[in-house]
>>> print(open('protein_26.tsv').read())   # TSV, C-alpha atoms and all ligand atoms
chain	number	residue	atom	x	y	z
A	221	MET	CA	-33.90	-43.68	125.18
A	222	SER	CA	-36.18	-40.66	125.07
A	223	ARG	CA	-39.13	-40.48	127.46
A	224	PRO	CA	-42.48	-41.90	126.37
A	225	VAL	CA	-44.98	-39.34	125.12
A	226	VAL	CA	-48.51	-39.84	126.43
A	227	PHE	CA	-51.39	-38.15	124.62
A	228	SER	CA	-55.10	-38.51	125.26
A	229	GLY	CA	-58.29	-36.55	124.73
A	230	ILE	CA	-61.78	-36.13	126.05
A	231	GLN	CA	-64.86	-34.55	124.50
A	232	PRO	CA	-66.30	-31.65	126.51
A	233	THR	CA	-69.85	-32.77	125.85
A	234	GLY	CA	-71.42	-33.53	129.18
A	235	ALA	CA	-70.82	-34.49	132.78
A	236	ILE	CA	-67.78	-36.74	133.19
A	237	HIS	CA	-68.76	-40.13	134.57
A	238	ILE	CA	-66.99	-43.04	136.25
A	239	GLY	CA	-66.48	-44.74	132.86
A	240	ASN	CA	-64.33	-41.78	131.74
A	241	TYR	CA	-62.64	-41.73	135.11
A	242	PHE	CA	-61.76	-45.41	135.48
A	243	GLY	CA	-61.28	-46.03	131.75
A	244	ALA	CA	-59.01	-43.06	131.10
A	245	ILE	CA	-58.48	-40.20	133.55
A	246	LYS	CA	-57.24	-42.34	136.46
A	247	GLN	CA	-54.46	-43.68	134.18
A	248	TRP	CA	-53.57	-40.18	133.00
A	249	VAL	CA	-53.10	-39.00	136.56
A	250	ALA	CA	-51.19	-42.10	137.69
A	251	GLY	CA	-48.66	-42.00	134.84
A	252	GLN	CA	-47.71	-38.34	135.06
A	253	ASP	CA	-44.23	-38.89	136.50
A	254	ASP	CA	-43.19	-41.43	133.90
A	255	ALA	CA	-43.69	-39.58	130.62
A	256	GLU	CA	-44.26	-36.34	128.83
A	257	ASN	CA	-48.01	-35.89	129.11
A	258	ILE	CA	-50.38	-34.04	126.83
A	259	PHE	CA	-54.12	-33.96	127.49
A	260	CYS	CA	-56.56	-32.33	125.14
A	261	LEU	CA	-60.17	-31.10	125.39
A	262	VAL	CA	-61.36	-32.02	121.93
A	263	ASP	CA	-63.92	-29.31	121.19
A	264	MET	CA	-63.63	-29.82	117.42
A	265	HIS	CA	-64.68	-33.46	117.89
A	266	ALA	CA	-67.63	-32.27	119.98
A	267	LEU	CA	-68.86	-30.28	116.96
A	268	THR	CA	-69.42	-33.46	114.92
A	269	VAL	CA	-72.89	-33.54	116.47
A	270	PRO	CA	-75.07	-30.45	117.06
A	271	GLN	CA	-74.03	-28.36	120.09
A	272	GLU	CA	-75.39	-25.22	121.71
A	273	PRO	CA	-72.47	-22.72	121.41
A	274	GLU	CA	-72.81	-21.26	124.92
A	275	ALA	CA	-73.22	-24.70	126.46
A	276	LEU	CA	-70.13	-26.01	124.65
A	277	ARG	CA	-68.04	-23.06	125.88
A	278	GLY	CA	-69.18	-23.79	129.44
A	279	GLN	CA	-68.44	-27.53	129.09
A	280	ILE	CA	-64.88	-26.87	127.95
A	281	LEU	CA	-64.17	-24.96	131.15
A	282	GLU	CA	-66.01	-27.48	133.32
A	283	THR	CA	-64.21	-30.47	131.79
A	284	ALA	CA	-60.82	-28.77	132.19
A	285	THR	CA	-61.65	-28.03	135.83
A	286	VAL	CA	-62.67	-31.65	136.46
A	287	LEU	CA	-59.39	-32.91	134.99
A	288	LEU	CA	-57.37	-30.58	137.21
A	289	ALA	CA	-59.49	-31.58	140.21
A	290	ALA	CA	-58.86	-35.25	139.38
A	291	GLY	CA	-55.14	-34.65	139.71
A	292	ILE	CA	-53.81	-33.55	136.32
A	293	ASP	CA	-50.86	-31.46	137.46
A	294	PRO	CA	-49.93	-28.50	135.23
A	295	ALA	CA	-46.33	-28.81	136.43
A	296	LYS	CA	-46.12	-32.28	134.89
A	297	SER	CA	-48.70	-32.29	132.10
A	298	ARG	CA	-49.89	-30.01	129.32
A	299	LEU	CA	-53.62	-29.42	129.22
A	300	PHE	CA	-55.11	-27.52	126.30
A	301	VAL	CA	-58.10	-27.02	124.01
A	302	GLN	CA	-57.87	-28.66	120.57
A	303	SER	CA	-59.15	-25.66	118.60
A	304	HIS	CA	-56.47	-23.44	120.18
A	305	VAL	CA	-53.82	-25.31	118.20
A	306	ARG	CA	-54.81	-24.97	114.57
A	307	GLU	CA	-52.38	-27.67	113.43
A	308	HIS	CA	-54.95	-30.31	114.51
A	309	GLY	CA	-57.30	-29.33	111.71
A	310	GLU	CA	-54.43	-28.83	109.32
A	311	LEU	CA	-52.91	-32.28	109.82
A	312	ALA	CA	-56.36	-33.87	109.67
A	313	TRP	CA	-56.67	-32.56	106.10
A	314	TYR	CA	-53.39	-34.10	104.99
A	315	LEU	CA	-54.29	-37.40	106.65
A	316	SER	CA	-57.68	-37.40	104.95
A	317	CYS	CA	-55.73	-37.46	101.69
A	318	VAL	CA	-54.02	-40.65	102.89
A	319	ALA	CA	-57.04	-42.48	104.37
A	320	SER	CA	-59.23	-44.57	102.09
A	321	MET	CA	-63.03	-44.60	102.09
A	322	GLY	CA	-62.98	-48.36	102.73
A	323	GLN	CA	-60.89	-47.89	105.84
A	324	MET	CA	-63.26	-45.24	107.17
A	325	GLN	CA	-66.36	-47.25	106.40
A	326	ARG	CA	-65.13	-49.99	108.72
A	327	MET	CA	-65.24	-47.69	111.78
A	328	THR	CA	-67.88	-49.14	114.08
A	329	GLN	CA	-68.39	-46.01	116.19
A	330	PHE	CA	-69.56	-44.06	113.17
A	331	LYS	CA	-72.22	-46.67	112.52
A	332	GLU	CA	-73.44	-46.53	116.13
A	333	LYS	CA	-73.28	-42.76	116.46
A	334	SER	CA	-74.89	-42.00	113.12
A	335	GLU	CA	-77.86	-44.20	114.03
A	336	SER	CA	-78.57	-42.06	117.08
A	337	GLN	CA	-78.51	-38.84	115.03
A	338	ARG	CA	-81.99	-37.91	113.99
A	339	GLY	CA	-82.02	-35.78	110.87
A	340	GLU	CA	-78.70	-35.13	109.18
A	341	VAL	CA	-75.50	-36.97	109.89
A	342	ARG	CA	-72.59	-34.52	109.54
A	343	VAL	CA	-69.58	-35.28	107.34
A	344	GLY	CA	-67.39	-34.46	110.36
A	345	LEU	CA	-68.85	-37.44	112.22
A	346	PHE	CA	-67.60	-39.69	109.41
A	347	THR	CA	-64.12	-38.15	109.31
A	348	TYR	CA	-63.91	-37.88	113.13
A	349	PRO	CA	-61.30	-40.70	113.45
A	350	ILE	CA	-58.97	-38.84	111.04
A	351	LEU	CA	-58.99	-35.79	113.31
A	352	MET	CA	-58.29	-38.12	116.23
A	353	ALA	CA	-55.35	-39.63	114.36
A	354	ALA	CA	-54.05	-36.10	113.77
A	355	ASP	CA	-54.33	-35.31	117.51
A	356	ILE	CA	-52.17	-38.29	118.35
A	357	LEU	CA	-49.63	-38.11	115.51
A	358	LEU	CA	-48.89	-34.38	115.89
A	359	TYR	CA	-46.94	-34.94	119.10
A	360	ARG	CA	-44.96	-38.11	118.22
A	361	THR	CA	-47.07	-39.89	120.81
A	362	THR	CA	-45.93	-43.31	121.98
A	363	GLN	CA	-48.84	-44.19	124.32
A	364	VAL	CA	-52.53	-43.39	124.26
A	365	PRO	CA	-54.33	-44.22	127.54
A	366	VAL	CA	-58.00	-44.75	126.67
A	367	GLY	CA	-61.01	-46.93	127.37
A	368	ASP	CA	-61.75	-49.97	125.24
A	369	ASP	CA	-64.15	-48.10	122.91
A	370	GLN	CA	-61.22	-46.16	121.37
A	371	ARG	CA	-59.22	-49.25	120.39
A	372	GLN	CA	-60.32	-49.25	116.75
A	373	HIS	CA	-59.52	-45.54	116.38
A	374	ILE	CA	-55.97	-46.12	117.55
A	375	GLU	CA	-55.60	-49.02	115.13
A	376	LEU	CA	-56.64	-46.64	112.35
A	377	THR	CA	-54.14	-44.06	113.60
A	378	ARG	CA	-51.37	-46.65	113.34
A	379	ASP	CA	-52.52	-47.72	109.87
A	380	LEU	CA	-52.53	-44.12	108.62
A	381	ALA	CA	-49.09	-43.45	110.11
A	382	GLN	CA	-47.71	-46.61	108.53
A	383	ARG	CA	-49.21	-45.84	105.17
A	384	PHE	CA	-47.84	-42.29	105.27
A	385	ASN	CA	-44.36	-43.43	106.31
A	386	ALA	CA	-44.28	-46.09	103.58
A	387	THR	CA	-45.41	-43.64	100.90
A	388	TYR	CA	-43.63	-40.40	101.83
A	389	GLY	CA	-40.86	-41.39	104.23
A	390	GLU	CA	-40.69	-41.67	108.01
A	391	ALA	CA	-42.65	-38.77	109.49
A	392	PHE	CA	-44.72	-40.42	112.20
A	393	VAL	CA	-44.13	-42.48	115.34
A	394	LEU	CA	-46.54	-45.42	115.75
A	395	PRO	CA	-48.53	-45.06	119.00
A	396	GLU	CA	-49.65	-47.91	121.26
A	397	PRO	CA	-52.99	-47.96	123.06
A	398	ALA	CA	-52.83	-48.27	126.88
A	399	ILE	CA	-56.09	-49.81	128.02
A	400	PRO	CA	-56.60	-50.59	131.72
A	401	LYS	CA	-57.32	-54.16	132.87
A	402	ALA	CA	-60.24	-53.12	135.08
A	403	GLY	CA	-62.66	-50.36	134.10
A	404	ALA	CA	-61.94	-50.25	130.37
A	405	ARG	CA	-65.63	-50.62	129.57
A	406	ILE	CA	-68.09	-49.54	132.26
A	407	MET	CA	-71.69	-50.13	131.30
A	408	GLY	CA	-74.81	-48.04	131.99
A	409	LEU	CA	-76.31	-48.63	135.44
A	410	ASP	CA	-79.84	-48.40	134.06
A	411	ASP	CA	-79.01	-50.79	131.22
A	412	PRO	CA	-75.84	-52.87	131.60
A	413	THR	CA	-75.95	-53.95	127.96
A	414	LYS	CA	-75.11	-50.38	126.84
A	415	LYS	CA	-71.84	-48.54	127.40
A	416	MET	CA	-71.98	-45.76	130.01
A	417	SER	CA	-71.99	-42.54	128.01
A	418	LYS	CA	-72.01	-38.78	128.61
A	419	SER	CA	-74.85	-38.21	126.20
A	420	ALA	CA	-77.26	-40.96	127.34
A	421	PRO	CA	-80.45	-39.56	128.86
A	422	GLY	CA	-81.81	-40.61	132.25
A	423	SER	CA	-80.56	-39.70	135.70
A	424	TYR	CA	-79.94	-43.33	136.70
A	425	HIS	CA	-77.68	-44.08	133.74
A	426	ALA	CA	-74.33	-43.00	135.16
A	427	VAL	CA	-72.51	-41.97	138.31
A	428	ARG	CA	-70.98	-38.63	137.45
A	429	VAL	CA	-67.72	-37.72	139.15
A	430	LEU	CA	-69.24	-34.54	140.61
A	431	ASP	CA	-72.38	-36.26	141.96
A	432	SER	CA	-73.13	-35.72	145.65
A	433	PRO	CA	-72.96	-38.76	147.98
A	434	ASP	CA	-76.74	-38.79	148.03
A	435	VAL	CA	-77.06	-38.98	144.26
A	436	ILE	CA	-74.34	-41.64	144.05
A	437	LYS	CA	-76.29	-43.71	146.54
A	438	LYS	CA	-79.60	-43.34	144.69
A	439	THR	CA	-78.03	-44.20	141.34
A	440	VAL	CA	-76.09	-47.24	142.50
A	441	MET	CA	-78.95	-48.64	144.59
A	442	ALA	CA	-81.24	-48.30	141.56
A	443	ALA	CA	-78.79	-50.11	139.25
A	444	GLN	CA	-80.41	-52.80	137.19
A	445	THR	CA	-79.32	-56.25	138.30
A	446	ASP	CA	-80.14	-59.73	137.12
A	447	SER	CA	-82.35	-62.40	138.55
A	448	GLY	CA	-80.43	-64.64	140.92
A	449	ARG	CA	-78.11	-63.86	143.82
A	450	ASP	CA	-74.74	-65.25	142.80
A	451	VAL	CA	-72.11	-62.54	142.79
A	452	ARG	CA	-70.17	-63.82	139.80
A	453	ALA	CA	-69.04	-62.20	136.59
A	454	ASP	CA	-70.86	-63.88	133.75
A	455	PRO	CA	-71.92	-62.60	130.31
A	456	ALA	CA	-75.43	-63.83	131.07
A	457	ARG	CA	-75.49	-61.49	134.11
A	458	PRO	CA	-74.39	-58.12	132.77
A	459	GLY	CA	-75.77	-56.19	135.77
A	460	VAL	CA	-73.70	-57.81	138.49
A	461	THR	CA	-70.73	-58.14	136.14
A	462	ASN	CA	-70.75	-54.37	135.72
A	463	LEU	CA	-70.93	-53.79	139.49
A	464	LEU	CA	-67.95	-56.10	139.95
A	465	ALA	CA	-66.03	-54.27	137.20
A	466	ILE	CA	-66.68	-50.91	138.87
A	467	TYR	CA	-65.63	-52.32	142.24
A	468	ALA	CA	-62.43	-53.76	140.74
A	469	ALA	CA	-61.59	-50.47	139.00
A	470	ALA	CA	-62.26	-48.38	142.11
A	471	THR	CA	-60.22	-50.58	144.43
A	472	GLY	CA	-57.44	-51.29	141.94
A	473	THR	CA	-57.99	-55.05	141.89
A	474	THR	CA	-59.24	-57.60	139.37
A	475	ILE	CA	-62.73	-58.93	138.70
A	476	GLU	CA	-61.62	-62.28	140.19
A	477	ALA	CA	-60.49	-60.54	143.39
A	478	ALA	CA	-63.82	-58.68	143.49
A	479	GLU	CA	-65.71	-61.99	143.15
A	480	ALA	CA	-63.66	-63.48	145.98
A	481	HIS	CA	-64.33	-60.41	148.12
A	482	PHE	CA	-68.08	-60.83	147.70
A	483	ALA	CA	-68.12	-64.62	148.01
A	484	ASP	CA	-70.17	-64.40	151.22
A	485	ALA	CA	-72.44	-61.55	150.14
A	486	ARG	CA	-76.14	-62.17	150.74
A	487	GLY	CA	-77.16	-60.83	147.37
A	488	TYR	CA	-76.73	-57.81	145.16
A	489	GLY	CA	-77.86	-55.36	147.84
A	490	ASP	CA	-74.65	-56.01	149.81
A	491	VAL	CA	-72.51	-55.36	146.73
A	492	LYS	CA	-74.34	-52.13	145.96
A	493	LYS	CA	-74.00	-50.80	149.52
A	494	GLU	CA	-70.27	-51.38	149.58
A	495	LEU	CA	-69.88	-49.90	146.12
A	496	VAL	CA	-71.68	-46.71	147.21
A	497	ASP	CA	-69.19	-46.23	150.07
A	498	ILE	CA	-66.19	-46.83	147.85
A	499	LEU	CA	-67.37	-44.49	145.11
A	500	VAL	CA	-68.24	-41.74	147.59
A	501	GLU	CA	-64.77	-41.96	149.14
A	502	THR	CA	-62.96	-42.25	145.80
A	503	LEU	CA	-64.71	-39.21	144.36
A	504	ARG	CA	-64.78	-37.03	147.48
A	505	PRO	CA	-61.36	-35.36	147.00
A	506	LEU	CA	-62.16	-34.65	143.35
A	507	ARG	CA	-65.44	-32.97	144.25
A	508	GLU	CA	-63.83	-30.85	146.96
A	509	ARG	CA	-60.98	-29.75	144.72
A	510	TYR	CA	-63.45	-28.94	141.94
A	511	ALA	CA	-65.30	-26.54	144.25
A	512	GLU	CA	-62.02	-24.77	145.10
A	513	LEU	CA	-60.91	-24.49	141.49
A	514	SER	CA	-64.24	-23.28	140.14
A	515	ALA	CA	-64.08	-20.33	142.52
A	516	VAL	CA	-61.22	-18.97	140.34
A	517	PRO	CA	-62.09	-19.73	136.68
A	518	GLY	CA	-59.47	-17.26	135.43
A	519	THR	CA	-56.75	-19.64	136.60
A	520	VAL	CA	-58.10	-22.47	134.45
A	521	HIS	CA	-58.31	-20.24	131.35
A	522	ALA	CA	-54.72	-19.15	131.88
A	523	LEU	CA	-53.54	-22.74	132.26
A	524	LEU	CA	-55.26	-23.75	129.04
A	525	ALA	CA	-53.65	-20.88	127.14
A	526	GLN	CA	-50.27	-21.83	128.56
A	527	GLY	CA	-50.82	-25.49	127.58
A	528	ALA	CA	-51.58	-24.55	123.97
A	529	ARG	CA	-48.50	-22.32	123.73
A	530	ALA	CA	-46.31	-25.12	125.08
A	531	VAL	CA	-47.46	-27.85	122.67
A	532	ARG	CA	-47.75	-25.76	119.52
A	533	PRO	CA	-44.08	-25.79	118.38
A	534	THR	CA	-44.04	-29.60	118.14
A	535	ALA	CA	-47.37	-29.59	116.30
A	536	ARG	CA	-46.09	-26.99	113.83
A	537	ASP	CA	-42.93	-28.93	113.24
A	538	THR	CA	-44.88	-32.12	112.45
A	539	VAL	CA	-47.19	-30.37	110.00
A	540	ASP	CA	-44.24	-28.72	108.25
A	541	THR	CA	-42.54	-32.11	107.90
A	542	VAL	CA	-45.73	-33.64	106.50
A	543	LYS	CA	-46.28	-30.82	103.99
A	544	ARG	CA	-42.72	-31.03	102.78
A	545	ALA	CA	-42.89	-34.82	102.45
A	546	MET	CA	-46.11	-34.63	100.42
A	547	GLY	CA	-44.92	-31.82	98.18
A	548	ALA	CA	-47.41	-29.19	99.37
A	549	GLY	CA	-46.60	-25.48	99.53
A	601	LIG	P1	-64.74	-39.61	125.14
A	601	LIG	O1	-64.83	-38.16	125.42
A	601	LIG	O2	-65.95	-40.33	124.70
A	601	LIG	O3	-64.20	-40.37	126.43
A	601	LIG	C1	-63.02	-39.98	127.13
A	601	LIG	C2	-62.30	-41.23	127.61
A	601	LIG	O4	-63.16	-42.01	128.44
A	601	LIG	C3	-63.21	-43.36	127.98
A	601	LIG	N1	-64.56	-43.88	128.19
A	601	LIG	C4	-64.84	-45.01	128.88
A	601	LIG	N2	-64.05	-45.89	129.50
A	601	LIG	C5	-64.66	-46.94	130.13
A	601	LIG	N3	-66.01	-47.12	130.15
A	601	LIG	C6	-66.83	-46.25	129.53
A	601	LIG	N4	-68.16	-46.42	129.56
A	601	LIG	C7	-66.25	-45.13	128.85
A	601	LIG	N5	-66.78	-44.10	128.15
A	601	LIG	C8	-65.72	-43.34	127.75
A	601	LIG	C9	-62.89	-43.27	126.48
A	601	LIG	O5	-62.41	-44.50	125.99
A	601	LIG	C10	-61.87	-42.16	126.45
A	601	LIG	O6	-60.58	-42.68	126.72
A	601	LIG	N6	-62.58	-40.00	120.63
A	601	LIG	C11	-62.32	-39.75	122.04
A	601	LIG	C12	-61.64	-38.41	122.30
A	601	LIG	C13	-60.36	-38.22	121.56
A	601	LIG	C14	-59.12	-38.85	121.82
A	601	LIG	C15	-58.20	-38.27	120.88
A	601	LIG	C16	-58.70	-39.82	122.71
A	601	LIG	C17	-60.17	-37.34	120.54
A	601	LIG	N7	-58.88	-37.37	120.14
A	601	LIG	C18	-56.88	-38.69	120.85
A	601	LIG	C19	-57.37	-40.22	122.67
A	601	LIG	C20	-56.47	-39.66	121.74
A	601	LIG	C21	-63.65	-39.72	122.78
A	601	LIG	O7	-64.67	-39.45	122.22
A	601	LIG	O8	-63.54	-39.90	124.13
>>> encode(input="protein_26.tsv", output="structure tokens")
Amino acid sequence: MSRPVVFSGIQPTGAIHIGNYFGAIKQWVAGQDDAENIFCLVDMHALTVPQEPEALRGQILETATVLLAAGIDPAKSRLFVQSHVREHGELAWYLSCVASMGQMQRMTQFKEKSESQRGEVRVGLFTYPILMAADILLYRTTQVPVGDDQRQHIELTRDLAQRFNATYGEAFVLPEPAIPKAGARIMGLDDPTKKMSKSAPGSYHAVRVLDSPDVIKKTVMAAQTDSGRDVRADPARPGVTNLLAIYAAATGTTIEAAEAHFADARGYGDVKKELVDILVETLRPLRERYAELSAVPGTVHALLAQGARAVRPTARDTVDTVKRAMGAG
């Protein structure tokens, strides 16, 4: 049997938070010895909403540095920038000639994201999941470690691959999502009914992985909780449920184990205090390594260039197969 191929991506659109970390990055790092690993900074996806060019360039470098600081090891994994491998855009075009409008209109993230766009909604935001399918299918990916919010996109990827294979012959491998048990959907600390997100405003919304211990403390202690004192996960108590989910993700246990751990807590303050300590200790090595790596940005640029060179032959091969199968060129 050939080794599994793991592919995943992240948008370089803002400070990486503990939702990204526990939902995705922690899994990427942990699985590096068991598969071929490809991780992508999806700058073309970032452009589906307005971006400041200089800021985007800076975020690409920062996000790459955070991933390396988190433990992505260039000896075991390829790390590259999406727009450096032009086959992503190329395959997305061919897949857009396979996808139906009906299929695309069922994508829930487009509905949510387009509502938050004042002014014009870009066509790229609508076709975003097709580009994501191209990212995954280019490398004959078998597993896609992501948070829960990407589930529907991976379903679409499988549907497109299946439709293509049935129409033009076997070109694609069908990928499986790999979604963690704890931490797959971390909610905002200022509003636990909304998913924690890079683009949400407000300094108390998220713990960012590069936050100082002081900021982590302020943010967690200010987290919105519910009335009552019971430390139990319950849909009617989204605040404490979220704190328990973060605790479970950070300590590698389950929500049930987290509930048992806090059975004698005297209220939410106790939970918050312990969570601050755990997050500070979990994120400390990442923050220290980030400081070391950012002192030599040239190294990160070189690694990204090397990553793109390494993955490109497979991407080219897939696009050539697809073109031939469809009768193009
Ligand atoms: P992005 O940049 O929004 O998020 C990167 C990863 O973090 C996960 N995540 C979360 N997990 C738990 N709780 C949260 N609050 C939370 N917020 C984000 C996401 O699920 C994701 O795994 N469309 C993707 C990027 C992408 C991609 C791909 C992913 C483009 N092409 C191909 C996998 C494969 C996105 O916007 O992720």
>>> closest_residue(input="protein_26.tsv", among="A:Gly472, A:Pro365, A:Gly291, A:Gly489", to="Glu508 (chain A)", atoms="only C-alpha atoms")
A:Gly291
>>> closest_atom_pairs(input="protein_26.tsv", of="region 333-451 of chain A", to="region 231-238 of chain A", cutoff="8 Å", atoms="only C-alpha atoms", output="Markdown table")
| residue | atom | partner | partner_atom | distance |
| --- | --- | --- | --- | --- |
| A:Ile406 | CA | A:Ile238 | CA | 7.7 |
| A:Met416 | CA | A:His237 | CA | 7.9 |
| A:Ser417 | CA | A:His237 | CA | 7.7 |
| A:Lys418 | CA | A:Gly234 | CA | 5.3 |
| A:Ser419 | CA | A:Gly234 | CA | 6.5 |
| A:Ala426 | CA | A:His237 | CA | 6.3 |
| A:Val427 | CA | A:His237 | CA | 5.6 |
| A:Arg428 | CA | A:His237 | CA | 3.9 |
| A:Val429 | CA | A:His237 | CA | 5.3 |
| A:Leu430 | CA | A:Ile236 | CA | 7.9 |
>>> closest_residue(input="protein_26.tsv", among="A:Arg507, A:Lys414, A:Lys331, A:His304", to="ligand LIG 601 (chain A)", atoms="all atoms listed in the file")
A:Lys414
>>> closest_residue(input="protein_26.tsv", among="A:Val531, A:Ile258, A:Met407, A:Ala456", to="ligand LIG 601 (chain A)", atoms="all atoms listed in the file")
A:Met407
>>> atom_distance(input="protein_26.tsv", atom1="CA of Val520 (chain A)", atom2="atom O1 of ligand LIG 601 (chain A)")
19.3 Å
>>> atom_distance(input="protein_26.tsv", atom1="CA of Gln372 (chain A)", atom2="CA of Ala468 (chain A)")
24.5 Å
>>> closest_residue(input="protein_26.tsv", among="A:Leu351, A:Ala275, A:Leu345, A:Leu311", to="ligand LIG 601 (chain A)", atoms="only C-alpha atoms and all ligand atoms")
A:Leu351
>>> residues_near_point(input="protein_26.tsv", point="(-65.6, -31.9, 112.8)", cutoff="7 Å", atoms="all atoms listed in the file", output="PDB file with C-alpha atoms, in the coordinates of the input")
ATOM      1  CA  MET A 264     -63.630 -29.820 117.420  1.00  0.00           C
ATOM      2  CA  HIS A 265     -64.680 -33.460 117.890  1.00  0.00           C
ATOM      3  CA  LEU A 267     -68.860 -30.280 116.960  1.00  0.00           C
ATOM      4  CA  THR A 268     -69.420 -33.460 114.920  1.00  0.00           C
ATOM      5  CA  GLY A 344     -67.390 -34.460 110.360  1.00  0.00           C
ATOM      6  CA  LEU A 345     -68.850 -37.440 112.220  1.00  0.00           C
ATOM      7  CA  TYR A 348     -63.910 -37.880 113.130  1.00  0.00           C
TER       8      TYR A 348
END
>>> closest_residue(input="protein_26.tsv", among="A:Gly239, A:Pro270, A:Pro224, A:Pro505", to="ligand LIG 601 (chain A)", atoms="only C-alpha atoms and all ligand atoms")
A:Gly239
>>> atom_distance(input="protein_26.tsv", atom1="CA of Ile498 (chain A)", atom2="CA of Val366 (chain A)")
22.8 Å
>>> closest_residue(input="protein_26.tsv", among="A:Ala545, A:Leu315, A:Leu299, A:Leu506", to="Asn257 (chain A)", atoms="only C-alpha atoms")
A:Leu299
>>> residues_around(input="protein_26.tsv", residues="Arg529 (chain A)", least_positions_apart="6", cutoff="12 Å", atoms="all atoms listed in the file", output="MDAnalysis selection string")
chainID A and resid 298:302 304:306 522:523 535:536
>>> residues_around(input="protein_26.tsv", residues="Val460 (chain A)", least_positions_apart="6", cutoff="9 Å", atoms="only C-alpha atoms", output="ChimeraX atom specification")
/A:412,444-446,450-454,488,491
>>> axis_aligned_box(input="protein_26.tsv", around="ligand LIG 601 (chain A)", padding_each_side="5 Å", output="lines of an AutoDock Vina configuration file")
center_x = -62.3
center_y = -42.2
center_z = 125.1
size_x = 21.7
size_y = 19.8
size_z = 20.0
>>> residues_around(input="protein_26.tsv", residues="Asp537 (chain A)", least_positions_apart="3", cutoff="12 Å", atoms="all atoms listed in the file", output="MDAnalysis selection string")
chainID A and resid 307 311 357:360 391:392 531:534 540:544
>>> write_last_selection(input="protein_26.tsv", atoms="C-alpha atoms", output="compact mmCIF listing (two decimals), keeping the file's coordinate frame")
# COMPACT_ATOMS: atom_id res chain seq x y z
CA GLU A 307 -52.38 -27.67 113.43
CA LEU A 311 -52.91 -32.28 109.82
CA LEU A 357 -49.63 -38.11 115.51
CA LEU A 358 -48.89 -34.38 115.89
CA TYR A 359 -46.94 -34.94 119.10
CA ARG A 360 -44.96 -38.11 118.22
CA ALA A 391 -42.65 -38.77 109.49
CA PHE A 392 -44.72 -40.42 112.20
CA VAL A 531 -47.46 -27.85 122.67
CA ARG A 532 -47.75 -25.76 119.52
CA PRO A 533 -44.08 -25.79 118.38
CA THR A 534 -44.04 -29.60 118.14
CA ASP A 540 -44.24 -28.72 108.25
CA THR A 541 -42.54 -32.11 107.90
CA VAL A 542 -45.73 -33.64 106.50
CA LYS A 543 -46.28 -30.82 103.99
CA ARG A 544 -42.72 -31.03 102.78
>>> residues_near_point(input="protein_26.tsv", point="(-59.2, -37.7, 108.2)", cutoff="9 Å", atoms="all atoms listed in the file", output="JSON list (two decimals) with C-alpha atoms, keeping the file's coordinate frame")
[["chain", "number", "residue", "atom", "x", "y", "z"],
["A", 311, "LEU", "CA", -52.91, -32.28, 109.82],
["A", 312, "ALA", "CA", -56.36, -33.87, 109.67],
["A", 313, "TRP", "CA", -56.67, -32.56, 106.10],
["A", 314, "TYR", "CA", -53.39, -34.10, 104.99],
["A", 315, "LEU", "CA", -54.29, -37.40, 106.65],
["A", 316, "SER", "CA", -57.68, -37.40, 104.95],
["A", 317, "CYS", "CA", -55.73, -37.46, 101.69],
["A", 318, "VAL", "CA", -54.02, -40.65, 102.89],
["A", 319, "ALA", "CA", -57.04, -42.48, 104.37],
["A", 324, "MET", "CA", -63.26, -45.24, 107.17],
["A", 346, "PHE", "CA", -67.60, -39.69, 109.41],
["A", 347, "THR", "CA", -64.12, -38.15, 109.31],
["A", 348, "TYR", "CA", -63.91, -37.88, 113.13],
["A", 349, "PRO", "CA", -61.30, -40.70, 113.45],
["A", 350, "ILE", "CA", -58.97, -38.84, 111.04],
["A", 351, "LEU", "CA", -58.99, -35.79, 113.31],
["A", 352, "MET", "CA", -58.29, -38.12, 116.23],
["A", 353, "ALA", "CA", -55.35, -39.63, 114.36],
["A", 354, "ALA", "CA", -54.05, -36.10, 113.77]]
>>> decode(input="protein_26.tsv", residues="region 343-361 of chain A", atoms="C-alpha atoms", output="PDB file, in the first residue's frame")
ATOM      1  CA  VAL A 343     -17.466  35.918  -8.208  1.00  0.00           C
ATOM      2  CA  GLY A 344     -14.363  34.284  -6.691  1.00  0.00           C
ATOM      3  CA  LEU A 345     -16.141  34.015  -3.345  1.00  0.00           C
ATOM      4  CA  PHE A 346     -18.840  31.935  -5.048  1.00  0.00           C
ATOM      5  CA  THR A 347     -16.376  29.671  -6.871  1.00  0.00           C
ATOM      6  CA  TYR A 348     -14.031  29.462  -3.839  1.00  0.00           C
ATOM      7  CA  PRO A 349     -14.923  25.793  -3.074  1.00  0.00           C
ATOM      8  CA  ILE A 350     -13.931  24.783  -6.629  1.00  0.00           C
ATOM      9  CA  LEU A 351     -10.440  26.197  -6.103  1.00  0.00           C
ATOM     10  CA  MET A 352     -10.318  24.332  -2.802  1.00  0.00           C
ATOM     11  CA  ALA A 353     -11.292  21.101  -4.556  1.00  0.00           C
ATOM     12  CA  ALA A 354      -8.474  21.731  -7.043  1.00  0.00           C
ATOM     13  CA  ASP A 355      -5.978  22.213  -4.178  1.00  0.00           C
ATOM     14  CA  ILE A 356      -6.889  18.834  -2.762  1.00  0.00           C
ATOM     15  CA  LEU A 357      -7.291  16.831  -5.979  1.00  0.00           C
ATOM     16  CA  LEU A 358      -4.027  18.003  -7.575  1.00  0.00           C
ATOM     17  CA  TYR A 359      -1.929  15.897  -5.203  1.00  0.00           C
ATOM     18  CA  ARG A 360      -3.978  12.650  -5.093  1.00  0.00           C
ATOM     19  CA  THR A 361      -4.731  13.502  -1.479  1.00  0.00           C
TER      20      THR A 361
END
